[in-house]
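Student: Have a peek at structure-v5.pdb (PDB, C-alpha atoms).
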ATOM      1  CA  MET A   1       0.000   0.000   0.000  1.00  0.00           C
ATOM      2  CA  SER A   2       1.440   3.373  -1.048  1.00  0.00           C
ATOM      3  CA  GLN A   3       1.932   6.086   1.554  1.00  0.00           C
ATOM      4  CA  ASN A   4      -0.611   8.381  -0.129  1.00  0.00           C
ATOM      5  CA  LEU A   5      -3.238   5.613  -0.274  1.00  0.00           C
ATOM      6  CA  PHE A   6      -2.630   4.855   3.418  1.00  0.00           C
ATOM      7  CA  LYS A   7      -3.121   8.544   4.263  1.00  0.00           C
ATOM      8  CA  ARG A   8      -6.369   8.605   2.259  1.00  0.00           C
ATOM      9  CA  LEU A   9      -7.629   5.507   4.063  1.00  0.00           C
ATOM     10  CA  ILE A  10      -6.861   6.825   7.556  1.00  0.00           C
ATOM     11  CA  THR A  11      -8.301  10.242   6.727  1.00  0.00           C
ATOM     12  CA  SER A  12     -11.463   8.656   5.295  1.00  0.00           C
ATOM     13  CA  ILE A  13     -12.032   6.583   8.449  1.00  0.00           C
ATOM     14  CA  LEU A  14     -11.535   9.610  10.707  1.00  0.00           C
ATOM     15  CA  LEU A  15     -13.844  11.712   8.531  1.00  0.00           C
ATOM     16  CA  LEU A  16     -16.534   9.023   8.673  1.00  0.00           C
ATOM     17  CA  LEU A  17     -16.346   8.847  12.469  1.00  0.00           C
ATOM     18  CA  LEU A  18     -16.435  12.644  12.709  1.00  0.00           C
ATOM     19  CA  LEU A  19     -19.392  12.756  10.323  1.00  0.00           C
ATOM     20  CA  LEU A  20     -21.382  10.301  12.443  1.00  0.00           C
ATOM     21  CA  LEU A  21     -20.518  12.227  15.608  1.00  0.00           C
ATOM     22  CA  VAL A  22     -21.683  15.527  14.104  1.00  0.00           C
ATOM     23  CA  ILE A  23     -24.887  14.163  12.545  1.00  0.00           C
ATOM     24  CA  PHE A  24     -26.055  12.421  15.704  1.00  0.00           C
ATOM     25  CA  SER A  25     -25.066  15.243  18.051  1.00  0.00           C
ATOM     26  CA  HIS A  26     -27.256  18.023  19.442  1.00  0.00           C
ATOM     27  CA  HIS A  27     -28.685  20.560  16.987  1.00  0.00           C
ATOM     28  CA  TYR A  28     -26.388  23.294  18.286  1.00  0.00           C
ATOM     29  CA  ILE A  29     -23.274  21.186  17.707  1.00  0.00           C
ATOM     30  CA  PHE A  30     -24.578  20.292  14.261  1.00  0.00           C
ATOM     31  CA  ILE A  31     -25.124  23.978  13.403  1.00  0.00           C
ATOM     32  CA  LEU A  32     -21.668  24.903  14.705  1.00  0.00           C
ATOM     33  CA  SER A  33     -20.042  22.097  12.720  1.00  0.00           C
ATOM     34  CA  ILE A  34     -21.879  22.955   9.498  1.00  0.00           C
ATOM     35  CA  SER A  35     -20.966  26.625   9.963  1.00  0.00           C
ATOM     36  CA  LEU A  36     -17.291  25.732  10.471  1.00  0.00           C
ATOM     37  CA  ILE A  37     -17.336  23.645   7.306  1.00  0.00           C
ATOM     38  CA  GLY A  38     -18.974  26.581   5.556  1.00  0.00           C
ATOM     39  CA  VAL A  39     -16.180  28.930   6.637  1.00  0.00           C
ATOM     40  CA  ILE A  40     -13.510  26.524   5.370  1.00  0.00           C
ATOM     41  CA  ILE A  41     -15.372  26.096   2.056  1.00  0.00           C
ATOM     42  CA  CYS A  42     -15.450  29.879   1.601  1.00  0.00           C
ATOM     43  CA  ILE A  43     -11.731  30.180   2.388  1.00  0.00           C
ATOM     44  CA  GLU A  44     -10.857  27.426  -0.098  1.00  0.00           C
ATOM     45  CA  ALA A  45     -13.199  28.912  -2.726  1.00  0.00           C
ATOM     46  CA  ASN A  46     -11.420  32.226  -2.175  1.00  0.00           C
ATOM     47  CA  ASN A  47      -8.174  30.475  -3.067  1.00  0.00           C
ATOM     48  CA  ILE A  48      -9.706  29.247  -6.339  1.00  0.00           C
ATOM     49  CA  PHE A  49     -11.078  32.691  -7.232  1.00  0.00           C
ATOM     50  CA  SER A  50      -7.766  34.415  -6.477  1.00  0.00           C
ATOM     51  CA  LYS A  51      -6.035  32.025  -8.886  1.00  0.00           C
ATOM     52  CA  LEU A  52      -8.798  32.501 -11.476  1.00  0.00           C
ATOM     53  CA  THR A  53      -8.583  36.285 -11.479  1.00  0.00           C
ATOM     54  CA  LEU A  54      -4.774  36.204 -11.379  1.00  0.00           C
ATOM     55  CA  ASN A  55      -4.607  33.888 -14.400  1.00  0.00           C
ATOM     56  CA  GLN A  56      -7.092  36.030 -16.323  1.00  0.00           C
ATOM     57  CA  ASN A  57      -5.108  39.175 -15.568  1.00  0.00           C
ATOM     58  CA  LEU A  58      -1.900  37.534 -16.727  1.00  0.00           C
ATOM     59  CA  ARG A  59      -3.496  36.276 -19.955  1.00  0.00           C
ATOM     60  CA  LYS A  60      -4.867  39.734 -20.723  1.00  0.00           C
ATOM     61  CA  LYS A  61      -1.650  41.402 -19.488  1.00  0.00           C
ATOM     62  CA  ILE A  62      -3.652  43.623 -17.170  1.00  0.00           C
ATOM     63  CA  THR A  63      -2.024  45.137 -14.132  1.00  0.00           C
ATOM     64  CA  ILE A  64      -3.533  43.646 -10.961  1.00  0.00           C
ATOM     65  CA  LYS A  65      -5.569  46.325  -9.224  1.00  0.00           C
ATOM     66  CA  LYS A  66      -6.114  46.693  -5.498  1.00  0.00           C
ATOM     67  CA  PHE A  67      -9.873  46.328  -5.943  1.00  0.00           C
ATOM     68  CA  ASN A  68     -11.177  43.508  -8.115  1.00  0.00           C
ATOM     69  CA  PHE A  69     -14.960  43.648  -8.515  1.00  0.00           C
ATOM     70  CA  LYS A  70     -15.202  40.202 -10.131  1.00  0.00           C
ATOM     71  CA  PHE A  71     -13.182  38.599  -7.323  1.00  0.00           C
ATOM     72  CA  LEU A  72     -15.390  40.249  -4.695  1.00  0.00           C
ATOM     73  CA  THR A  73     -18.577  39.206  -6.512  1.00  0.00           C
ATOM     74  CA  LEU A  74     -17.496  35.557  -6.738  1.00  0.00           C
ATOM     75  CA  ASN A  75     -16.733  35.510  -3.022  1.00  0.00           C
ATOM     76  CA  LEU A  76     -20.042  37.145  -2.087  1.00  0.00           C
ATOM     77  CA  ILE A  77     -22.004  34.673  -4.210  1.00  0.00           C
ATOM     78  CA  THR A  78     -20.130  31.754  -2.647  1.00  0.00           C
ATOM     79  CA  PHE A  79     -20.607  33.081   0.893  1.00  0.00           C
ATOM     80  CA  THR A  80     -24.326  33.624   0.273  1.00  0.00           C
ATOM     81  CA  TYR A  81     -24.791  30.183  -1.250  1.00  0.00           C
ATOM     82  CA  VAL A  82     -22.827  28.278   1.379  1.00  0.00           C
ATOM     83  CA  PHE A  83     -24.337  29.940   4.449  1.00  0.00           C
ATOM     84  CA  PHE A  84     -27.844  30.821   3.353  1.00  0.00           C
ATOM     85  CA  ILE A  85     -28.549  27.848   1.129  1.00  0.00           C
ATOM     86  CA  PHE A  86     -26.284  24.894   1.895  1.00  0.00           C
ATOM     87  CA  CYS A  87     -26.012  25.439   5.668  1.00  0.00           C
ATOM     88  CA  TYR A  88     -29.679  26.373   6.037  1.00  0.00           C
ATOM     89  CA  PHE A  89     -31.038  23.403   4.089  1.00  0.00           C
ATOM     90  CA  SER A  90     -28.623  21.041   5.848  1.00  0.00           C
ATOM     91  CA  TYR A  91     -30.045  22.199   9.160  1.00  0.00           C
ATOM     92  CA  GLU A  92     -33.637  21.950   7.896  1.00  0.00           C
ATOM     93  CA  ILE A  93     -33.203  18.343   6.719  1.00  0.00           C
ATOM     94  CA  HIS A  94     -31.480  17.457   9.984  1.00  0.00           C
ATOM     95  CA  ARG A  95     -34.226  19.132  12.032  1.00  0.00           C
ATOM     96  CA  LEU A  96     -37.333  18.109  10.097  1.00  0.00           C
ATOM     97  CA  GLU A  97     -36.396  14.733   8.590  1.00  0.00           C
ATOM     98  CA  GLY A  98     -34.015  13.639  11.331  1.00  0.00           C
ATOM     99  CA  PRO A  99     -30.306  12.742  11.493  1.00  0.00           C
ATOM    100  CA  ILE A 100     -30.898   9.318   9.911  1.00  0.00           C
ATOM    101  CA  PHE A 101     -32.364  10.833   6.763  1.00  0.00           C
ATOM    102  CA  PHE A 102     -29.620  13.462   6.594  1.00  0.00           C
ATOM    103  CA  LEU A 103     -27.059  10.646   6.828  1.00  0.00           C
ATOM    104  CA  TYR A 104     -28.958   8.890   4.023  1.00  0.00           C
ATOM    105  CA  VAL A 105     -28.615  11.938   1.738  1.00  0.00           C
ATOM    106  CA  ILE A 106     -24.903  12.273   2.519  1.00  0.00           C
ATOM    107  CA  SER A 107     -24.475   8.524   1.929  1.00  0.00           C
ATOM    108  CA  ILE A 108     -25.926   8.850  -1.578  1.00  0.00           C
ATOM    109  CA  CYS A 109     -23.238  11.445  -2.355  1.00  0.00           C
ATOM    110  CA  ILE A 110     -20.480   9.330  -0.803  1.00  0.00           C
ATOM    111  CA  PHE A 111     -21.503   6.173  -2.680  1.00  0.00           C
ATOM    112  CA  THR A 112     -21.851   8.212  -5.878  1.00  0.00           C
ATOM    113  CA  ASP A 113     -18.218   9.243  -5.470  1.00  0.00           C
ATOM    114  CA  ILE A 114     -17.120   5.677  -4.642  1.00  0.00           C
ATOM    115  CA  GLY A 115     -19.017   4.232  -7.624  1.00  0.00           C
ATOM    116  CA  GLY A 116     -17.372   6.678  -9.979  1.00  0.00           C
ATOM    117  CA  TYR A 117     -13.936   5.875  -8.579  1.00  0.00           C
ATOM    118  CA  VAL A 118     -14.412   2.071  -8.666  1.00  0.00           C
ATOM    119  CA  PHE A 119     -15.966   1.820 -12.138  1.00  0.00           C
ATOM    120  CA  GLY A 120     -13.659   4.473 -13.550  1.00  0.00           C
ATOM    121  CA  ASN A 121     -10.535   2.635 -12.389  1.00  0.00           C
ATOM    122  CA  ILE A 122     -11.660  -0.935 -13.088  1.00  0.00           C
ATOM    123  CA  ILE A 123     -13.480  -0.424 -16.393  1.00  0.00           C
ATOM    124  CA  GLY A 124     -12.052   2.886 -17.572  1.00  0.00           C
ATOM    125  CA  GLY A 125     -12.990   3.673 -21.149  1.00  0.00           C
ATOM    126  CA  LYS A 126     -14.077   6.848 -22.894  1.00  0.00           C
ATOM    127  CA  LYS A 127     -13.640  10.134 -21.055  1.00  0.00           C
ATOM    128  CA  LEU A 128     -16.815  11.903 -19.981  1.00  0.00           C
ATOM    129  CA  THR A 129     -15.659  15.478 -20.503  1.00  0.00           C
ATOM    130  CA  LYS A 130     -12.563  17.626 -20.901  1.00  0.00           C
ATOM    131  CA  ILE A 131     -13.523  19.509 -17.744  1.00  0.00           C
ATOM    132  CA  SER A 132     -12.224  16.651 -15.612  1.00  0.00           C
ATOM    133  CA  PRO A 133      -9.903  14.246 -17.496  1.00  0.00           C
ATOM    134  CA  ASN A 134     -10.234  11.577 -14.789  1.00  0.00           C
ATOM    135  CA  LYS A 135     -14.022  11.289 -15.210  1.00  0.00           C
ATOM    136  CA  THR A 136     -15.207   8.502 -17.521  1.00  0.00           C
ATOM    137  CA  ILE A 137     -18.606   7.409 -18.868  1.00  0.00           C
ATOM    138  CA  SER A 138     -18.213   4.089 -17.052  1.00  0.00           C
ATOM    139  CA  GLY A 139     -17.510   6.024 -13.858  1.00  0.00           C
ATOM    140  CA  THR A 140     -20.728   7.990 -14.276  1.00  0.00           C
ATOM    141  CA  ILE A 141     -22.709   4.759 -14.742  1.00  0.00           C
ATOM    142  CA  GLY A 142     -20.997   3.341 -11.663  1.00  0.00           C
ATOM    143  CA  SER A 143     -21.959   6.448  -9.688  1.00  0.00           C
ATOM    144  CA  PHE A 144     -25.638   5.952 -10.513  1.00  0.00           C
ATOM    145  CA  ILE A 145     -25.497   2.235  -9.687  1.00  0.00           C
ATOM    146  CA  PHE A 146     -23.764   2.797  -6.346  1.00  0.00           C
ATOM    147  CA  SER A 147     -26.202   5.583  -5.424  1.00  0.00           C
ATOM    148  CA  VAL A 148     -28.891   2.922  -4.916  1.00  0.00           C
ATOM    149  CA  ILE A 149     -26.805   1.038  -2.314  1.00  0.00           C
ATOM    150  CA  PRO A 150     -27.647   3.422   0.599  1.00  0.00           C
ATOM    151  CA  LEU A 151     -31.372   2.855  -0.038  1.00  0.00           C
ATOM    152  CA  ILE A 152     -30.899  -0.928   0.121  1.00  0.00           C
ATOM    153  CA  LEU A 153     -28.819  -0.676   3.312  1.00  0.00           C
ATOM    154  CA  PHE A 154     -31.081   1.801   5.099  1.00  0.00           C
ATOM    155  CA  LEU A 155     -34.294  -0.084   4.289  1.00  0.00           C
ATOM    156  CA  ASN A 156     -32.940  -3.579   5.013  1.00  0.00           C
ATOM    157  CA  PHE A 157     -31.459  -2.540   8.346  1.00  0.00           C
ATOM    158  CA  SER A 158     -34.615  -0.599   9.245  1.00  0.00           C
ATOM    159  CA  PHE A 159     -32.715   2.673   9.679  1.00  0.00           C
ATOM    160  CA  LEU A 160     -35.577   4.383   7.909  1.00  0.00           C
ATOM    161  CA  ASP A 161     -39.108   3.567   9.024  1.00  0.00           C
ATOM    162  CA  LEU A 162     -40.319   3.491   5.431  1.00  0.00           C
ATOM    163  CA  GLU A 163     -41.558   0.981   2.889  1.00  0.00           C
ATOM    164  CA  PHE A 164     -39.889   0.562  -0.487  1.00  0.00           C
ATOM    165  CA  ASN A 165     -41.138   3.027  -3.063  1.00  0.00           C
ATOM    166  CA  LEU A 166     -40.047   3.781  -6.617  1.00  0.00           C
ATOM    167  CA  ASN A 167     -39.821   7.435  -5.606  1.00  0.00           C
ATOM    168  CA  PHE A 168     -36.835   6.608  -3.390  1.00  0.00           C
ATOM    169  CA  ILE A 169     -34.897   5.243  -6.378  1.00  0.00           C
ATOM    170  CA  VAL A 170     -35.763   8.336  -8.402  1.00  0.00           C
ATOM    171  CA  PHE A 171     -34.767  10.494  -5.424  1.00  0.00           C
ATOM    172  CA  GLY A 172     -31.402   8.732  -5.110  1.00  0.00           C
ATOM    173  CA  LEU A 173     -30.623   8.930  -8.817  1.00  0.00           C
ATOM    174  CA  LEU A 174     -31.487  12.634  -9.009  1.00  0.00           C
ATOM    175  CA  VAL A 175     -29.416  13.468  -5.921  1.00  0.00           C
ATOM    176  CA  SER A 176     -26.567  11.433  -7.429  1.00  0.00           C
ATOM    177  CA  LEU A 177     -26.885  13.402 -10.678  1.00  0.00           C
ATOM    178  CA  ILE A 178     -26.674  16.766  -8.900  1.00  0.00           C
ATOM    179  CA  SER A 179     -23.750  15.511  -6.805  1.00  0.00           C
ATOM    180  CA  GLN A 180     -21.868  14.579  -9.980  1.00  0.00           C
ATOM    181  CA  ILE A 181     -22.691  17.926 -11.607  1.00  0.00           C
ATOM    182  CA  GLY A 182     -21.420  19.716  -8.487  1.00  0.00           C
ATOM    183  CA  ASP A 183     -18.222  17.688  -8.616  1.00  0.00           C
ATOM    184  CA  LEU A 184     -17.735  18.576 -12.284  1.00  0.00           C
ATOM    185  CA  PHE A 185     -18.433  22.255 -11.641  1.00  0.00           C
ATOM    186  CA  ILE A 186     -15.774  22.526  -8.919  1.00  0.00           C
ATOM    187  CA  SER A 187     -13.386  20.511 -11.105  1.00  0.00           C
ATOM    188  CA  PHE A 188     -14.022  23.033 -13.885  1.00  0.00           C
ATOM    189  CA  LEU A 189     -13.142  25.932 -11.573  1.00  0.00           C
ATOM    190  CA  LYS A 190      -9.999  24.170 -10.324  1.00  0.00           C
ATOM    191  CA  ARG A 191      -8.931  23.449 -13.887  1.00  0.00           C
ATOM    192  CA  LYS A 192      -9.428  27.105 -14.842  1.00  0.00           C
ATOM    193  CA  ALA A 193      -7.472  28.165 -11.748  1.00  0.00           C
ATOM    194  CA  LYS A 194      -4.774  25.589 -12.599  1.00  0.00           C
ATOM    195  CA  ILE A 195      -4.805  23.938  -9.170  1.00  0.00           C
ATOM    196  CA  LYS A 196      -5.157  20.263  -8.253  1.00  0.00           C
ATOM    197  CA  ASP A 197      -6.635  20.600  -4.752  1.00  0.00           C
ATOM    198  CA  THR A 198      -8.576  23.358  -3.013  1.00  0.00           C
ATOM    199  CA  GLY A 199      -6.478  22.975   0.143  1.00  0.00           C
ATOM    200  CA  LYS A 200      -4.210  20.737   2.214  1.00  0.00           C
ATOM    201  CA  ILE A 201      -6.253  20.319   5.367  1.00  0.00           C
ATOM    202  CA  LEU A 202      -7.029  16.624   4.700  1.00  0.00           C
ATOM    203  CA  PRO A 203      -3.935  14.391   4.274  1.00  0.00           C
ATOM    204  CA  GLY A 204      -4.176  12.421   1.030  1.00  0.00           C
ATOM    205  CA  HIS A 205      -7.408  14.147   0.003  1.00  0.00           C
ATOM    206  CA  GLY A 206      -6.679  17.854  -0.337  1.00  0.00           C
ATOM    207  CA  GLY A 207      -9.166  20.392   0.964  1.00  0.00           C
ATOM    208  CA  ILE A 208     -12.641  20.198   2.489  1.00  0.00           C
ATOM    209  CA  LEU A 209     -14.164  21.506  -0.743  1.00  0.00           C
ATOM    210  CA  ASP A 210     -12.507  18.636  -2.629  1.00  0.00           C
ATOM    211  CA  ARG A 211     -14.518  16.223  -0.473  1.00  0.00           C
ATOM    212  CA  VAL A 212     -17.850  18.044  -0.292  1.00  0.00           C
ATOM    213  CA  ASP A 213     -18.023  19.563  -3.782  1.00  0.00           C
ATOM    214  CA  GLY A 214     -20.950  17.340  -4.761  1.00  0.00           C
ATOM    215  CA  ILE A 215     -22.590  17.474  -1.322  1.00  0.00           C
ATOM    216  CA  ILE A 216     -22.924  21.267  -1.217  1.00  0.00           C
ATOM    217  CA  PHE A 217     -25.098  21.057  -4.327  1.00  0.00           C
ATOM    218  CA  ALA A 218     -26.905  17.787  -3.550  1.00  0.00           C
ATOM    219  CA  VAL A 219     -28.134  18.720  -0.055  1.00  0.00           C
ATOM    220  CA  PRO A 220     -30.095  21.859  -1.063  1.00  0.00           C
ATOM    221  CA  PHE A 221     -31.445  19.990  -4.093  1.00  0.00           C
ATOM    222  CA  SER A 222     -32.564  17.046  -1.944  1.00  0.00           C
ATOM    223  CA  TYR A 223     -34.464  19.396   0.377  1.00  0.00           C
ATOM    224  CA  ILE A 224     -36.294  20.986  -2.555  1.00  0.00           C
ATOM    225  CA  LEU A 225     -36.973  17.519  -3.976  1.00  0.00           C
ATOM    226  CA  LEU A 226     -38.480  16.415  -0.666  1.00  0.00           C
ATOM    227  CA  LYS A 227     -41.027  19.202  -0.978  1.00  0.00           C
ATOM    228  CA  ILE A 228     -42.005  18.039  -4.472  1.00  0.00           C
ATOM    229  CA  ILE A 229     -42.235  14.224  -4.317  1.00  0.00           C
TER     230      ILE A 229
END
How would this structure read if it were set down as structure tokens?

Tutor:
Amino acid sequence: MSQNLFKRLITSILLLLLLLLVIFSHHYIFILSISLIGVIICIEANNIFSKLTLNQNLRKKITIKKFNFKFLTLNLITFTYVFFIFCYFSYEIHRLEGPIFFLYVISICIFTDIGGYVFGNIIGGKKLTKISPNKTISGTIGSFIFSVIPLILFLNFSFLDLEFNLNFIVFGLLVSLISQIGDLFISFLKRKAKIKDTGKILPGHGGILDRVDGIIFAVPFSYILLKII
């Protein structure tokens, strides 16, 4: 086992334990934890935007000014989205639907990521898009297939007091789709900024945003979806 793979494994286990602790803690601890994650996301997004605006200035041979309206706008939009959309809807799902259901939504995103990684590495094949060279069509199919696994686990182990319904499969597939789109969107920004990771806070993984890029889009979407179906 390579050193980097070992770091990823240890970090993943610690993150999983921390995730369970946060989700099943008191509402106030949950809010504090989500807010802290939000702050880190904004800081890491700021790093992306600074690289984006710097690269654009260099390409256009424009002298970097003290005040950059575009840079400020990108940060304000990110701050607004993270705290007033992602954090708010995370809290609402946790409060109204319960910690088990919130864990279910996060699990769909996690298994979507795992499915893409497993199928992409084992099967490989044609690339999905130039935005993220590592993404393949087989990986996307694997993401959708793996997104159903949390439903099977949660229903079979009676974590959710619900009966099987086709709507749950549709729900999982749609959340998986948004999670993948979110992942691609952040990958697009990183590619434009010419950076591999958004940070170095997680050994073997990069930054927090690298791990929750799909989640920050999937959670608000899942809340809206709950109100529809």

Student: Enumerate, as a short mmCIF file (atom, residue, chain, number, x, y, z; two decimals) with C-alpha atoms, keeping the file's coordinate frame, the residues matched when the PyMOL selection byres ((chain A and resi 142-152) around 8) is run on the file above.

Tutor:
data_model
loop_
_atom_site.label_atom_id
_atom_site.label_comp_id
_atom_site.auth_asym_id
_atom_site.auth_seq_id
_atom_site.Cartn_x
_atom_site.Cartn_y
_atom_site.Cartn_z
CA TYR A 104 -28.96 8.89 4.02
CA SER A 107 -24.48 8.52 1.93
CA ILE A 108 -25.93 8.85 -1.58
CA CYS A 109 -23.24 11.44 -2.36
CA PHE A 111 -21.50 6.17 -2.68
CA THR A 112 -21.85 8.21 -5.88
CA ASP A 113 -18.22 9.24 -5.47
CA ILE A 114 -17.12 5.68 -4.64
CA GLY A 115 -19.02 4.23 -7.62
CA GLY A 116 -17.37 6.68 -9.98
CA VAL A 118 -14.41 2.07 -8.67
CA PHE A 119 -15.97 1.82 -12.14
CA GLY A 120 -13.66 4.47 -13.55
CA SER A 138 -18.21 4.09 -17.05
CA GLY A 139 -17.51 6.02 -13.86
CA THR A 140 -20.73 7.99 -14.28
CA ILE A 141 -22.71 4.76 -14.74
CA LEU A 153 -28.82 -0.68 3.31
CA PHE A 154 -31.08 1.80 5.10
CA LEU A 155 -34.29 -0.08 4.29
CA ASN A 156 -32.94 -3.58 5.01
CA PHE A 168 -36.84 6.61 -3.39
CA ILE A 169 -34.90 5.24 -6.38
CA GLY A 172 -31.40 8.73 -5.11
CA LEU A 173 -30.62 8.93 -8.82
CA SER A 176 -26.57 11.43 -7.43
CA LEU A 177 -26.88 13.40 -10.68
#

Student: Residues picked by the PyMOL selection byres ((chain A and resi 35) around 12) here, as a list in words?

Tutor: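 When the PyMOL selection byres ((chain A and resi 35) around 12) is applied, the selected residues are Val22, Tyr28, Ile29, Phe30, Ile31, Leu32, Ser33, Ile34, Leu36, Ile37, Gly38, Val39, Ile40, Ile41, Cys42, Phe79, Val82, Phe83, Phe84, Ile85, Phe86, Cys87, Tyr88, Ser90 and Tyr91 of chain A.
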
Student: Would you save the residues of that selection, restricted to C-alpha atoms, as a PDB file, in the frame of the given file?

Tutor:
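Result written to selection-v5.pdb:
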ATOM      1  CA  VAL A  22     -21.683  15.527  14.104  1.00  0.00           C
ATOM      2  CA  TYR A  28     -26.388  23.294  18.286  1.00  0.00           C
ATOM      3  CA  ILE A  29     -23.274  21.186  17.707  1.00  0.00           C
ATOM      4  CA  PHE A  30     -24.578  20.292  14.261  1.00  0.00           C
ATOM      5  CA  ILE A  31     -25.124  23.978  13.403  1.00  0.00           C
ATOM      6  CA  LEU A  32     -21.668  24.903  14.705  1.00  0.00           C
ATOM      7  CA  SER A  33     -20.042  22.097  12.720  1.00  0.00           C
ATOM      8  CA  ILE A  34     -21.879  22.955   9.498  1.00  0.00           C
ATOM      9  CA  LEU A  36     -17.291  25.732  10.471  1.00  0.00           C
ATOM     10  CA  ILE A  37     -17.336  23.645   7.306  1.00  0.00           C
ATOM     11  CA  GLY A  38     -18.974  26.581   5.556  1.00  0.00           C
ATOM     12  CA  VAL A  39     -16.180  28.930   6.637  1.00  0.00           C
ATOM     13  CA  ILE A  40     -13.510  26.524   5.370  1.00  0.00           C
ATOM     14  CA  ILE A  41     -15.372  26.096   2.056  1.00  0.00           C
ATOM     15  CA  CYS A  42     -15.450  29.879   1.601  1.00  0.00           C
ATOM     16  CA  PHE A  79     -20.607  33.081   0.893  1.00  0.00           C
ATOM     17  CA  VAL A  82     -22.827  28.278   1.379  1.00  0.00           C
ATOM     18  CA  PHE A  83     -24.337  29.940   4.449  1.00  0.00           C
ATOM     19  CA  PHE A  84     -27.844  30.821   3.353  1.00  0.00           C
ATOM     20  CA  ILE A  85     -28.549  27.848   1.129  1.00  0.00           C
ATOM     21  CA  PHE A  86     -26.284  24.894   1.895  1.00  0.00           C
ATOM     22  CA  CYS A  87     -26.012  25.439   5.668  1.00  0.00           C
ATOM     23  CA  TYR A  88     -29.679  26.373   6.037  1.00  0.00           C
ATOM     24  CA  SER A  90     -28.623  21.041   5.848  1.00  0.00           C
ATOM     25  CA  TYR A  91     -30.045  22.199   9.160  1.00  0.00           C
TER      26      TYR A  91
END

Student: State, in Å with one decimal place, the distance from CA of Thr78 (chain A) to CA of Ser132 (chain A).

Tutor: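 The value is 21.4 Å.
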
Student: Can you tell me how far CA of Ile48 (chain A) sits from CA of Leu209 (chain A), in Å to one decimal?

Tutor: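 A separation of 10.5 Å between them.
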
Student: Could you check how far CA of Leu18 (chain A) sits from CA of Ser222 (chain A), in Å to one decimal?

Tutor: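 The value is 22.2 Å.
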
Student: Quick one: residues within 6 Å of region 179-181 of chain A, all atoms listed in the file, excluding same-chain residues fewer than 5 positions away - as an NGL selection string?

Tutor: :A and (214-215 or 218)

Student: Choose the residue, out of A:His205, A:Lys135, A:His27, A:Lys227, that has the smallest atom-to-atom separation from Leu184 (chain A); count all atoms listed in the file.

Tutor: A:Lys135

Student: Report as a VMD selection string all protein, DNA and RNA residues lying within 9 Å of Lys194 (chain A), evaluated on only C-alpha atoms, omitting residues in the same chain fewer than 2 positions from it.

Tutor: chain A and resid 48 51 to 52 55 189 to 192 196

Student: For a quick check of understanding, using all atoms listed in the file, which of A:Phe157, A:Ile186, A:Leu16, A:Glu44 has the smallest distance to Gly199 (chain A)?

Tutor: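 Smallest distance to Gly199 (chain A) is found for A:Glu44.
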
Student: Neighbouring residues of Ile100 (chain A) were defined as those with any atom within 10 Å, considering only C-alpha atoms; residues of the same chain fewer than 4 positions away were excluded. Please report them as an NGL selection string.

Tutor: :A and (20 or 23-24 or 93-94 or 104-106 or 154 or 159-160)

Student: I need the residues from that last selection saved to file as a PDB file, keeping the file's coordinate frame (with C-alpha atoms), if you can.

Tutor:
ATOM      1  CA  LEU A  20     -21.382  10.301  12.443  1.00  0.00           C
ATOM      2  CA  ILE A  23     -24.887  14.163  12.545  1.00  0.00           C
ATOM      3  CA  PHE A  24     -26.055  12.421  15.704  1.00  0.00           C
ATOM      4  CA  ILE A  93     -33.203  18.343   6.719  1.00  0.00           C
ATOM      5  CA  HIS A  94     -31.480  17.457   9.984  1.00  0.00           C
ATOM      6  CA  TYR A 104     -28.958   8.890   4.023  1.00  0.00           C
ATOM      7  CA  VAL A 105     -28.615  11.938   1.738  1.00  0.00           C
ATOM      8  CA  ILE A 106     -24.903  12.273   2.519  1.00  0.00           C
ATOM      9  CA  PHE A 154     -31.081   1.801   5.099  1.00  0.00           C
ATOM     10  CA  PHE A 159     -32.715   2.673   9.679  1.00  0.00           C
ATOM     11  CA  LEU A 160     -35.577   4.383   7.909  1.00  0.00           C
TER      12      LEU A 160
END

Student: Would you pull region 107-123 of chain A out of the block just shown and save C-alpha atoms as a PDB file, in the first residue's frame?

Tutor:
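Just written: out-v3.pdb:
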ATOM      1  CA  SER A 107     -24.475   8.524   1.929  1.00  0.00           C
ATOM      2  CA  ILE A 108     -25.926   8.850  -1.578  1.00  0.00           C
ATOM      3  CA  CYS A 109     -23.238  11.445  -2.355  1.00  0.00           C
ATOM      4  CA  ILE A 110     -20.480   9.330  -0.803  1.00  0.00           C
ATOM      5  CA  PHE A 111     -21.503   6.173  -2.680  1.00  0.00           C
ATOM      6  CA  THR A 112     -21.851   8.212  -5.878  1.00  0.00           C
ATOM      7  CA  ASP A 113     -18.218   9.243  -5.470  1.00  0.00           C
ATOM      8  CA  ILE A 114     -17.120   5.677  -4.642  1.00  0.00           C
ATOM      9  CA  GLY A 115     -19.017   4.232  -7.624  1.00  0.00           C
ATOM     10  CA  GLY A 116     -17.372   6.678  -9.979  1.00  0.00           C
ATOM     11  CA  TYR A 117     -13.936   5.875  -8.579  1.00  0.00           C
ATOM     12  CA  VAL A 118     -14.412   2.071  -8.666  1.00  0.00           C
ATOM     13  CA  PHE A 119     -15.966   1.820 -12.138  1.00  0.00           C
ATOM     14  CA  GLY A 120     -13.659   4.473 -13.550  1.00  0.00           C
ATOM     15  CA  ASN A 121     -10.535   2.635 -12.389  1.00  0.00           C
ATOM     16  CA  ILE A 122     -11.660  -0.935 -13.088  1.00  0.00           C
ATOM     17  CA  ILE A 123     -13.480  -0.424 -16.393  1.00  0.00           C
TER      18      ILE A 123
END
